[in-house]
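The next block is protein31.cif, given as mmCIF, C-alpha atoms.
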```
data_data
loop_
_atom_site.group_PDB
_atom_site.id
_atom_site.type_symbol
_atom_site.label_atom_id
_atom_site.label_comp_id
_atom_site.auth_asym_id
_atom_site.auth_seq_id
_atom_site.Cartn_x
_atom_site.Cartn_y
_atom_site.Cartn_z
ATOM 1 C CA MET A 1 -5.648 -23.323 31.818
ATOM 2 C CA SER A 2 -5.130 -19.920 33.420
ATOM 3 C CA LEU A 3 -6.938 -18.442 36.399
ATOM 4 C CA SER A 4 -9.652 -15.976 35.454
ATOM 5 C CA ALA A 5 -10.404 -12.982 37.665
ATOM 6 C CA LYS A 6 -13.432 -14.912 38.963
ATOM 7 C CA ASP A 7 -11.278 -17.949 39.765
ATOM 8 C CA LYS A 8 -8.818 -15.807 41.722
ATOM 9 C CA LYS A 9 -11.628 -14.157 43.666
ATOM 10 C CA ASN A 10 -13.167 -17.539 44.491
ATOM 11 C CA VAL A 11 -9.807 -18.883 45.682
ATOM 12 C CA VAL A 12 -8.914 -15.829 47.763
ATOM 13 C CA ASP A 13 -12.397 -15.589 49.305
ATOM 14 C CA PHE A 14 -12.660 -19.308 50.046
ATOM 15 C CA PHE A 15 -9.240 -19.592 51.702
ATOM 16 C CA GLY A 16 -9.963 -16.362 53.561
ATOM 17 C CA GLN A 17 -12.949 -18.141 55.105
ATOM 18 C CA VAL A 18 -11.286 -21.483 55.847
ATOM 19 C CA GLY A 19 -7.627 -20.523 56.376
ATOM 20 C CA GLY A 20 -8.088 -20.405 60.131
ATOM 21 C CA LYS A 21 -8.381 -24.197 60.106
ATOM 22 C CA ALA A 22 -5.075 -24.649 58.260
ATOM 23 C CA ALA A 23 -3.641 -27.050 60.832
ATOM 24 C CA GLU A 24 -6.728 -29.290 60.752
ATOM 25 C CA ILE A 25 -6.945 -29.241 56.957
ATOM 26 C CA GLY A 26 -3.255 -29.996 56.499
ATOM 27 C CA ASN A 27 -3.295 -32.821 59.024
ATOM 28 C CA ASP A 28 -6.374 -34.442 57.454
ATOM 29 C CA ALA A 29 -5.071 -34.093 53.874
ATOM 30 C CA LEU A 30 -1.660 -35.531 54.670
ATOM 31 C CA SER A 31 -3.132 -38.371 56.767
ATOM 32 C CA ARG A 32 -5.426 -39.284 53.910
ATOM 33 C CA MET A 33 -2.618 -39.178 51.368
ATOM 34 C CA ILE A 34 -0.509 -41.598 53.378
ATOM 35 C CA VAL A 35 -3.388 -44.033 53.935
ATOM 36 C CA VAL A 36 -5.033 -43.901 50.487
ATOM 37 C CA TYR A 37 -1.784 -43.653 48.472
ATOM 38 C CA PRO A 38 0.722 -45.718 50.476
ATOM 39 C CA GLN A 39 3.467 -45.157 47.883
ATOM 40 C CA THR A 40 3.750 -41.591 49.227
ATOM 41 C CA LYS A 41 5.117 -42.996 52.489
ATOM 42 C CA THR A 42 8.455 -43.460 50.724
ATOM 43 C CA TYR A 43 9.141 -39.758 51.231
ATOM 44 C CA PHE A 44 8.725 -39.973 54.989
ATOM 45 C CA SER A 45 10.907 -42.915 55.970
ATOM 46 C CA HIS A 46 12.725 -40.608 58.402
ATOM 47 C CA TRP A 47 9.580 -40.093 60.504
ATOM 48 C CA LYS A 48 8.979 -42.051 63.665
ATOM 49 C CA ASP A 49 5.244 -42.334 63.261
ATOM 50 C CA LEU A 50 3.404 -42.425 59.926
ATOM 51 C CA SER A 51 -0.047 -43.074 61.338
ATOM 52 C CA PRO A 52 -2.865 -40.588 60.601
ATOM 53 C CA GLY A 53 -2.769 -37.640 62.983
ATOM 54 C CA SER A 54 0.653 -38.429 64.435
ATOM 55 C CA ALA A 55 2.835 -35.558 65.679
ATOM 56 C CA ASP A 56 5.030 -35.791 62.560
ATOM 57 C CA VAL A 57 1.986 -35.739 60.262
ATOM 58 C CA LYS A 58 0.354 -32.838 62.160
ATOM 59 C CA ARG A 59 3.501 -30.748 62.036
ATOM 60 C CA HIS A 60 4.089 -31.368 58.360
ATOM 61 C CA GLY A 61 0.418 -30.846 57.492
ATOM 62 C CA LEU A 62 0.663 -27.350 58.936
ATOM 63 C CA THR A 63 3.891 -26.678 57.011
ATOM 64 C CA VAL A 64 2.210 -27.691 53.744
ATOM 65 C CA MET A 65 -0.990 -25.722 54.398
ATOM 66 C CA THR A 66 0.997 -22.633 55.389
ATOM 67 C CA GLY A 67 2.687 -22.958 51.988
ATOM 68 C CA VAL A 68 -0.697 -23.224 50.240
ATOM 69 C CA LEU A 69 -2.011 -20.120 52.039
ATOM 70 C CA ASP A 70 1.196 -18.294 51.120
ATOM 71 C CA ALA A 71 0.589 -19.269 47.494
ATOM 72 C CA VAL A 72 -2.919 -17.750 47.727
ATOM 73 C CA ASP A 73 -1.276 -14.428 48.664
ATOM 74 C CA LYS A 74 1.002 -14.779 45.654
ATOM 75 C CA ILE A 75 -1.753 -15.833 43.272
ATOM 76 C CA ASP A 76 -0.854 -13.146 40.756
ATOM 77 C CA ASP A 77 2.677 -14.479 40.295
ATOM 78 C CA LEU A 78 2.953 -18.069 41.464
ATOM 79 C CA VAL A 79 6.113 -18.938 39.550
ATOM 80 C CA GLY A 80 7.983 -15.893 40.849
ATOM 81 C CA GLY A 81 6.542 -16.086 44.328
ATOM 82 C CA LEU A 82 7.253 -19.800 44.830
ATOM 83 C CA LEU A 83 10.764 -19.797 43.336
ATOM 84 C CA SER A 84 12.643 -20.749 46.495
ATOM 85 C CA LEU A 85 10.047 -23.412 47.355
ATOM 86 C CA SER A 86 10.502 -24.786 43.860
ATOM 87 C CA GLU A 87 14.260 -24.962 44.390
ATOM 88 C CA LEU A 88 13.670 -26.796 47.659
ATOM 89 C CA HIS A 89 11.401 -29.387 45.994
ATOM 90 C CA ALA A 90 13.664 -29.744 42.949
ATOM 91 C CA PHE A 91 17.110 -30.009 44.507
ATOM 92 C CA THR A 92 16.599 -31.099 48.092
ATOM 93 C CA LEU A 93 13.280 -32.920 48.442
ATOM 94 C CA ARG A 94 13.097 -34.227 44.882
ATOM 95 C CA VAL A 95 9.444 -35.179 45.198
ATOM 96 C CA ASP A 96 8.179 -36.770 41.977
ATOM 97 C CA PRO A 97 5.765 -34.167 40.571
ATOM 98 C CA GLY A 98 3.082 -36.844 40.121
ATOM 99 C CA ASN A 99 2.571 -36.618 43.852
ATOM 100 C CA PHE A 100 1.451 -32.991 43.696
ATOM 101 C CA LYS A 101 -1.726 -34.201 41.954
ATOM 102 C CA ILE A 102 -2.256 -36.806 44.641
ATOM 103 C CA LEU A 103 -1.979 -34.319 47.494
ATOM 104 C CA SER A 104 -4.163 -31.825 45.608
ATOM 105 C CA HIS A 105 -6.887 -34.454 45.302
ATOM 106 C CA CYS A 106 -6.685 -35.232 49.026
ATOM 107 C CA LEU A 107 -6.922 -31.511 49.795
ATOM 108 C CA LEU A 108 -10.074 -31.236 47.675
ATOM 109 C CA VAL A 109 -11.628 -34.206 49.489
ATOM 110 C CA VAL A 110 -10.868 -32.617 52.878
ATOM 111 C CA LEU A 111 -12.213 -29.218 51.827
ATOM 112 C CA ALA A 112 -15.426 -30.831 50.523
ATOM 113 C CA GLY A 113 -15.847 -32.807 53.733
ATOM 114 C CA MET A 114 -15.138 -29.932 56.104
ATOM 115 C CA PHE A 115 -16.890 -27.142 54.192
ATOM 116 C CA PRO A 116 -19.672 -28.749 52.119
ATOM 117 C CA ALA A 117 -21.694 -25.528 51.889
ATOM 118 C CA GLU A 118 -18.806 -23.294 50.816
ATOM 119 C CA PHE A 119 -17.132 -25.812 48.479
ATOM 120 C CA SER A 120 -19.561 -25.263 45.615
ATOM 121 C CA PRO A 121 -18.790 -26.522 42.090
ATOM 122 C CA GLU A 122 -17.505 -23.037 41.132
ATOM 123 C CA VAL A 123 -15.186 -22.871 44.124
ATOM 124 C CA HIS A 124 -14.143 -26.474 43.390
ATOM 125 C CA VAL A 125 -13.049 -25.718 39.822
ATOM 126 C CA ALA A 126 -11.224 -22.546 40.927
ATOM 127 C CA VAL A 127 -9.333 -24.342 43.722
ATOM 128 C CA ASP A 128 -8.548 -27.322 41.444
ATOM 129 C CA LYS A 129 -7.070 -24.971 38.825
ATOM 130 C CA PHE A 130 -5.195 -23.029 41.513
ATOM 131 C CA LEU A 131 -3.632 -26.162 43.016
ATOM 132 C CA ALA A 132 -2.603 -27.295 39.523
ATOM 133 C CA LYS A 133 -0.875 -23.939 38.996
ATOM 134 C CA VAL A 134 0.833 -24.225 42.379
ATOM 135 C CA ALA A 135 2.081 -27.690 41.418
ATOM 136 C CA LEU A 136 3.391 -26.294 38.135
ATOM 137 C CA ALA A 137 5.174 -23.463 39.944
ATOM 138 C CA LEU A 138 6.721 -25.959 42.369
ATOM 139 C CA SER A 139 7.945 -28.056 39.421
ATOM 140 C CA GLU A 140 9.477 -24.998 37.721
ATOM 141 C CA LYS A 141 13.075 -25.662 38.771
ATOM 142 C CA TYR A 142 13.024 -29.450 38.306
ATOM 143 C CA ARG A 143 14.775 -29.520 34.937
ATOM 144 C CA MET B 144 -9.010 -61.155 40.406
ATOM 145 C CA VAL B 145 -9.321 -58.265 42.841
ATOM 146 C CA GLU B 146 -8.937 -59.172 46.503
ATOM 147 C CA TRP B 147 -11.345 -57.425 48.847
ATOM 148 C CA THR B 148 -10.933 -57.431 52.616
ATOM 149 C CA ASP B 149 -14.018 -57.816 54.804
ATOM 150 C CA TYR B 150 -13.546 -54.215 55.900
ATOM 151 C CA GLU B 151 -13.595 -53.034 52.293
ATOM 152 C CA ARG B 152 -16.721 -55.048 51.396
ATOM 153 C CA THR B 153 -18.614 -53.816 54.451
ATOM 154 C CA THR B 154 -17.487 -50.214 54.071
ATOM 155 C CA ILE B 155 -18.385 -49.999 50.391
ATOM 156 C CA ALA B 156 -21.789 -51.639 50.917
ATOM 157 C CA ASP B 157 -22.393 -49.246 53.804
ATOM 158 C CA ILE B 158 -21.606 -46.135 51.763
ATOM 159 C CA PHE B 159 -24.046 -47.143 49.029
ATOM 160 C CA SER B 160 -26.793 -48.178 51.449
ATOM 161 C CA LYS B 161 -26.676 -44.715 53.023
ATOM 162 C CA MET B 162 -26.376 -42.883 49.716
ATOM 163 C CA ASP B 163 -29.201 -40.704 48.418
ATOM 164 C CA TYR B 164 -28.972 -41.559 44.727
ATOM 165 C CA GLU B 165 -31.354 -38.729 43.833
ATOM 166 C CA VAL B 166 -28.910 -36.178 45.218
ATOM 167 C CA VAL B 167 -25.472 -37.737 44.743
ATOM 168 C CA GLY B 168 -25.886 -38.852 41.117
ATOM 169 C CA PRO B 169 -26.948 -35.464 39.748
ATOM 170 C CA ALA B 170 -24.430 -33.624 41.953
ATOM 171 C CA ALA B 171 -21.495 -35.772 40.822
ATOM 172 C CA LEU B 172 -22.247 -35.474 37.098
ATOM 173 C CA ALA B 173 -22.952 -31.738 37.353
ATOM 174 C CA ARG B 174 -19.697 -31.200 39.226
ATOM 175 C CA CYS B 175 -17.807 -33.177 36.578
ATOM 176 C CA LEU B 176 -19.273 -31.046 33.764
ATOM 177 C CA ILE B 177 -18.445 -27.844 35.689
ATOM 178 C CA VAL B 178 -14.979 -28.704 36.994
ATOM 179 C CA TYR B 179 -13.844 -30.464 33.796
ATOM 180 C CA PRO B 180 -15.783 -28.593 31.123
ATOM 181 C CA TRP B 181 -14.309 -30.587 28.250
ATOM 182 C CA THR B 182 -16.441 -33.510 29.429
ATOM 183 C CA GLN B 183 -19.425 -31.583 28.069
ATOM 184 C CA ARG B 184 -18.402 -32.816 24.631
ATOM 185 C CA TYR B 185 -20.462 -35.945 25.191
ATOM 186 C CA PHE B 186 -23.653 -34.115 26.067
ATOM 187 C CA GLY B 187 -24.356 -31.961 23.038
ATOM 188 C CA LYS B 188 -28.012 -33.026 23.146
ATOM 189 C CA PHE B 189 -28.536 -31.989 26.767
ATOM 190 C CA GLY B 190 -29.439 -28.380 26.015
ATOM 191 C CA ASN B 191 -28.259 -25.531 28.210
ATOM 192 C CA LEU B 192 -24.826 -26.208 29.748
ATOM 193 C CA TYR B 193 -23.592 -22.627 29.500
ATOM 194 C CA ASN B 194 -22.692 -22.048 33.118
ATOM 195 C CA ALA B 195 -22.616 -23.741 36.505
ATOM 196 C CA ALA B 196 -26.165 -22.690 37.382
ATOM 197 C CA ALA B 197 -27.512 -24.003 34.078
ATOM 198 C CA ILE B 198 -25.695 -27.310 34.482
ATOM 199 C CA THR B 199 -26.827 -27.750 38.089
ATOM 200 C CA GLY B 200 -30.425 -27.020 37.103
ATOM 201 C CA ASN B 201 -30.452 -29.090 33.911
ATOM 202 C CA PRO B 202 -32.998 -31.946 34.233
ATOM 203 C CA MET B 203 -31.240 -34.123 31.625
ATOM 204 C CA VAL B 204 -27.991 -33.888 33.579
ATOM 205 C CA ALA B 205 -29.821 -34.842 36.758
ATOM 206 C CA ALA B 206 -31.513 -37.819 35.118
ATOM 207 C CA HIS B 207 -28.285 -39.045 33.592
ATOM 208 C CA GLY B 208 -26.435 -38.616 36.876
ATOM 209 C CA LYS B 209 -28.903 -40.994 38.512
ATOM 210 C CA THR B 210 -28.524 -43.490 35.645
ATOM 211 C CA VAL B 211 -24.755 -43.517 35.993
ATOM 212 C CA LEU B 212 -24.854 -43.895 39.770
ATOM 213 C CA HIS B 213 -27.306 -46.785 39.563
ATOM 214 C CA GLY B 214 -24.891 -48.319 37.070
ATOM 215 C CA LEU B 215 -22.507 -48.754 39.992
ATOM 216 C CA ASP B 216 -25.033 -51.051 41.668
ATOM 217 C CA ARG B 217 -24.007 -53.795 39.245
ATOM 218 C CA ALA B 218 -20.447 -53.690 40.506
ATOM 219 C CA LEU B 219 -21.694 -53.628 44.081
ATOM 220 C CA LYS B 220 -23.634 -56.838 43.523
ATOM 221 C CA ASN B 221 -20.741 -58.557 41.708
ATOM 222 C CA MET B 222 -17.641 -57.416 43.518
ATOM 223 C CA ASP B 223 -15.796 -60.600 42.696
ATOM 224 C CA ASP B 224 -16.115 -60.091 38.959
ATOM 225 C CA ILE B 225 -16.466 -56.398 38.217
ATOM 226 C CA LYS B 226 -14.418 -56.828 35.061
ATOM 227 C CA GLY B 227 -16.867 -59.373 33.625
ATOM 228 C CA THR B 228 -19.902 -57.426 34.859
ATOM 229 C CA TYR B 229 -18.869 -54.311 32.928
ATOM 230 C CA ALA B 230 -17.548 -55.969 29.752
ATOM 231 C CA GLU B 231 -20.675 -55.084 27.766
ATOM 232 C CA LEU B 232 -20.852 -51.525 29.158
ATOM 233 C CA SER B 233 -17.183 -51.087 28.297
ATOM 234 C CA VAL B 234 -17.833 -52.064 24.678
ATOM 235 C CA LEU B 235 -20.796 -49.658 24.606
ATOM 236 C CA HIS B 236 -18.716 -46.724 25.904
ATOM 237 C CA SER B 237 -15.967 -47.503 23.399
ATOM 238 C CA GLU B 238 -17.790 -48.490 20.224
ATOM 239 C CA LYS B 239 -20.999 -46.548 20.454
ATOM 240 C CA LEU B 240 -20.483 -43.635 22.818
ATOM 241 C CA HIS B 241 -16.781 -43.059 21.968
ATOM 242 C CA VAL B 242 -15.985 -41.801 25.468
ATOM 243 C CA ASP B 243 -12.305 -41.207 26.272
ATOM 244 C CA PRO B 244 -11.732 -43.557 29.238
ATOM 245 C CA ASP B 245 -9.826 -40.802 31.072
ATOM 246 C CA ASN B 246 -13.241 -39.297 31.711
ATOM 247 C CA PHE B 247 -14.227 -42.223 33.933
ATOM 248 C CA ARG B 248 -11.458 -41.246 36.314
ATOM 249 C CA LEU B 249 -12.593 -37.599 36.340
ATOM 250 C CA LEU B 250 -16.176 -38.577 37.170
ATOM 251 C CA ALA B 251 -14.929 -40.971 39.863
ATOM 252 C CA ASP B 252 -12.954 -38.128 41.475
ATOM 253 C CA CYS B 253 -16.039 -35.894 41.462
ATOM 254 C CA LEU B 254 -18.120 -38.689 42.982
ATOM 255 C CA THR B 255 -15.540 -39.118 45.752
ATOM 256 C CA ILE B 256 -15.720 -35.413 46.523
ATOM 257 C CA VAL B 257 -19.538 -35.359 46.584
ATOM 258 C CA VAL B 258 -19.614 -38.389 48.900
ATOM 259 C CA ALA B 259 -17.014 -36.692 51.137
ATOM 260 C CA ALA B 260 -19.263 -33.623 51.349
ATOM 261 C CA GLN B 261 -22.244 -35.836 52.255
ATOM 262 C CA LEU B 262 -20.513 -37.952 54.888
ATOM 263 C CA GLY B 263 -18.265 -35.296 56.464
ATOM 264 C CA SER B 264 -16.112 -36.685 59.244
ATOM 265 C CA ALA B 265 -17.520 -40.196 58.676
ATOM 266 C CA PHE B 266 -15.508 -40.256 55.420
ATOM 267 C CA THR B 267 -12.311 -41.215 57.221
ATOM 268 C CA PRO B 268 -9.024 -41.944 55.405
ATOM 269 C CA ASP B 269 -9.718 -45.700 55.599
ATOM 270 C CA VAL B 270 -13.249 -45.269 54.234
ATOM 271 C CA GLN B 271 -11.880 -43.075 51.452
ATOM 272 C CA GLY B 272 -9.284 -45.728 50.650
ATOM 273 C CA ALA B 273 -11.914 -48.460 50.294
ATOM 274 C CA PHE B 274 -14.228 -46.263 48.215
ATOM 275 C CA GLN B 275 -11.442 -45.129 45.888
ATOM 276 C CA LYS B 276 -10.269 -48.727 45.423
ATOM 277 C CA PHE B 277 -13.800 -49.718 44.393
ATOM 278 C CA LEU B 278 -14.010 -46.831 41.913
ATOM 279 C CA ARG B 279 -10.533 -47.615 40.577
ATOM 280 C CA VAL B 280 -11.636 -51.170 39.755
ATOM 281 C CA VAL B 281 -14.867 -49.908 38.135
ATOM 282 C CA VAL B 282 -12.950 -47.351 36.069
ATOM 283 C CA SER B 283 -10.416 -49.938 34.989
ATOM 284 C CA SER B 284 -13.166 -52.405 33.998
ATOM 285 C CA LEU B 285 -15.005 -49.804 31.957
ATOM 286 C CA GLY B 286 -11.837 -49.114 30.012
ATOM 287 C CA ARG B 287 -10.924 -52.767 29.579
ATOM 288 C CA GLN B 288 -12.647 -53.478 26.236
ATOM 289 C CA TYR B 289 -11.292 -50.439 24.418
ATOM 290 C CA HIS B 290 -9.000 -51.211 21.532
#
```
Just give me the structure of the file as structure tokens.
Amino acid sequence: MSLSAKDKKNVVDFFGQVGGKAAEIGNDALSRMIVVYPQTKTYFSHWKDLSPGSADVKRHGLTVMTGVLDAVDKIDDLVGGLLSLSELHAFTLRVDPGNFKILSHCLLVVLAGMFPAEFSPEVHVAVDKFLAKVALALSEKYR
Amino acid sequence: MVEWTDYERTTIADIFSKMDYEVVGPAALARCLIVYPWTQRYFGKFGNLYNAAAITGNPMVAAHGKTVLHGLDRALKNMDDIKGTYAELSVLHSEKLHVDPDNFRLLADCLTIVVAAQLGSAFTPDVQGAFQKFLRVVVSSLGRQYH
């Protein structure tokens, strides 16, 4: 399921509009993931505070969203552009790739809630496809 | 049997009492057909589904979206036996409609996103958790009688 020219435009335009709220989006998405999918907490046992909106969650939410926005810039070559991030996830973090879908879903929920007017069905399908491609690029080095 | 906390029962009832079925039903089904276009396979008789605008404006899609959403009312009224409540509907979707049960999950995800757009900041992580648990049970029950 590759990104059409229209998909790419929708993704780039949409994140251009909402990217300024990266910290808020990341914090909300990560907080939701931890609450709605408690099994994801297993990756954060080294954090002091796993409650929604904690300092650890805020900081990491921004890290993740910065990565997503970086991926938008590299939309024409996600596998190449995200190579070192893939190595990080494969060899150091070893996050089960099933969790990429979970976080993607939480991101979509946040985007719909925060930007109901902009998150039209066409933008939704483009962003869903984009996040799936990002997940695939991140899984590239796993095995 | 599924255990529901008081918070979950209240939250889920609250979401549905505030929901505008006329808007949410059509929006959720339309979104599902647009975001996961392979789901259109079940709606060959619905006419024009050629693009997002056509799907959003299609009156048969809108009508069916409302039907499906009202179908959730049954679960709402029988939260302590959703599995039993949907046994017949599950057989229908399997034997007559031949719907791949994976599709229930896709529609549930679209419904979650539409509700999130409606409720905005009121759709907190805890509210989302309760709503998704409800939908997970519904989806599981609808797939239960497949063989």
On this structure, which residues satisfy the PyMOL selection byres ((chain A) within 6 of (chain B)), written as a list in words?
->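 Answer for the PyMOL selection byres ((chain A) within 6 of (chain B)): Arg32, Val36, Val109, Ala112, Gly113, Pro116, Pro121 and Val125 of chain A.
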Residues matched by the PyMOL selection byres ((chain B and resi 282) around 8) as a PDB file with C-alpha atoms, in the frame of the given file:
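In the end it all went to expr.pdb:
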```
ATOM      1  CA  PRO B 244     -11.732 -43.557  29.238  1.00  0.00           C
ATOM      2  CA  PHE B 247     -14.227 -42.223  33.933  1.00  0.00           C
ATOM      3  CA  ARG B 248     -11.458 -41.246  36.314  1.00  0.00           C
ATOM      4  CA  ALA B 251     -14.929 -40.971  39.863  1.00  0.00           C
ATOM      5  CA  LEU B 278     -14.010 -46.831  41.913  1.00  0.00           C
ATOM      6  CA  ARG B 279     -10.533 -47.615  40.577  1.00  0.00           C
ATOM      7  CA  VAL B 280     -11.636 -51.170  39.755  1.00  0.00           C
ATOM      8  CA  VAL B 281     -14.867 -49.908  38.135  1.00  0.00           C
ATOM      9  CA  SER B 283     -10.416 -49.938  34.989  1.00  0.00           C
ATOM     10  CA  SER B 284     -13.166 -52.405  33.998  1.00  0.00           C
ATOM     11  CA  LEU B 285     -15.005 -49.804  31.957  1.00  0.00           C
ATOM     12  CA  GLY B 286     -11.837 -49.114  30.012  1.00  0.00           C
TER      13      GLY B 286
END
```
I would like the residues chosen by the PyMOL selection byres ((chain B and resi 230-238) around 7) on the shown file; could you give them as a list in words?
-> Lys226, Gly227, Thr228, Tyr229, Lys239, Leu240, His241, Val242, Leu285, Gly286, Arg287, Gln288 and Tyr289 of chain B
Selection: 8 Å around Phe15 of chain A, all atoms listed in the file, excl. self and same-chain fewer than 3 positions, as a list in words =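 Surrounding residues, per the criterion: Val11, Val12, Val18, Gly19, Leu69 and Val72 of chain A.
One distance worth recording is that between atom CA of Lys101 of chain A and atom CA of Glu146 of chain B, which is 26.4 Å.
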Neighbour list for segment 184-193 of chain B as a PDB file with C-alpha atoms, in the coordinates of the input, cut-off 8 Å, only C-alpha atoms, skip fewer than 6 positions in-chain:
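Done, and the output landed in selection_17.pdb:
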```pdb
ATOM      1  CA  ASN B 201     -30.452 -29.090  33.911  1.00  0.00           C
ATOM      2  CA  MET B 203     -31.240 -34.123  31.625  1.00  0.00           C
ATOM      3  CA  VAL B 204     -27.991 -33.888  33.579  1.00  0.00           C
ATOM      4  CA  VAL B 242     -15.985 -41.801  25.468  1.00  0.00           C
TER       5      VAL B 242
END
```
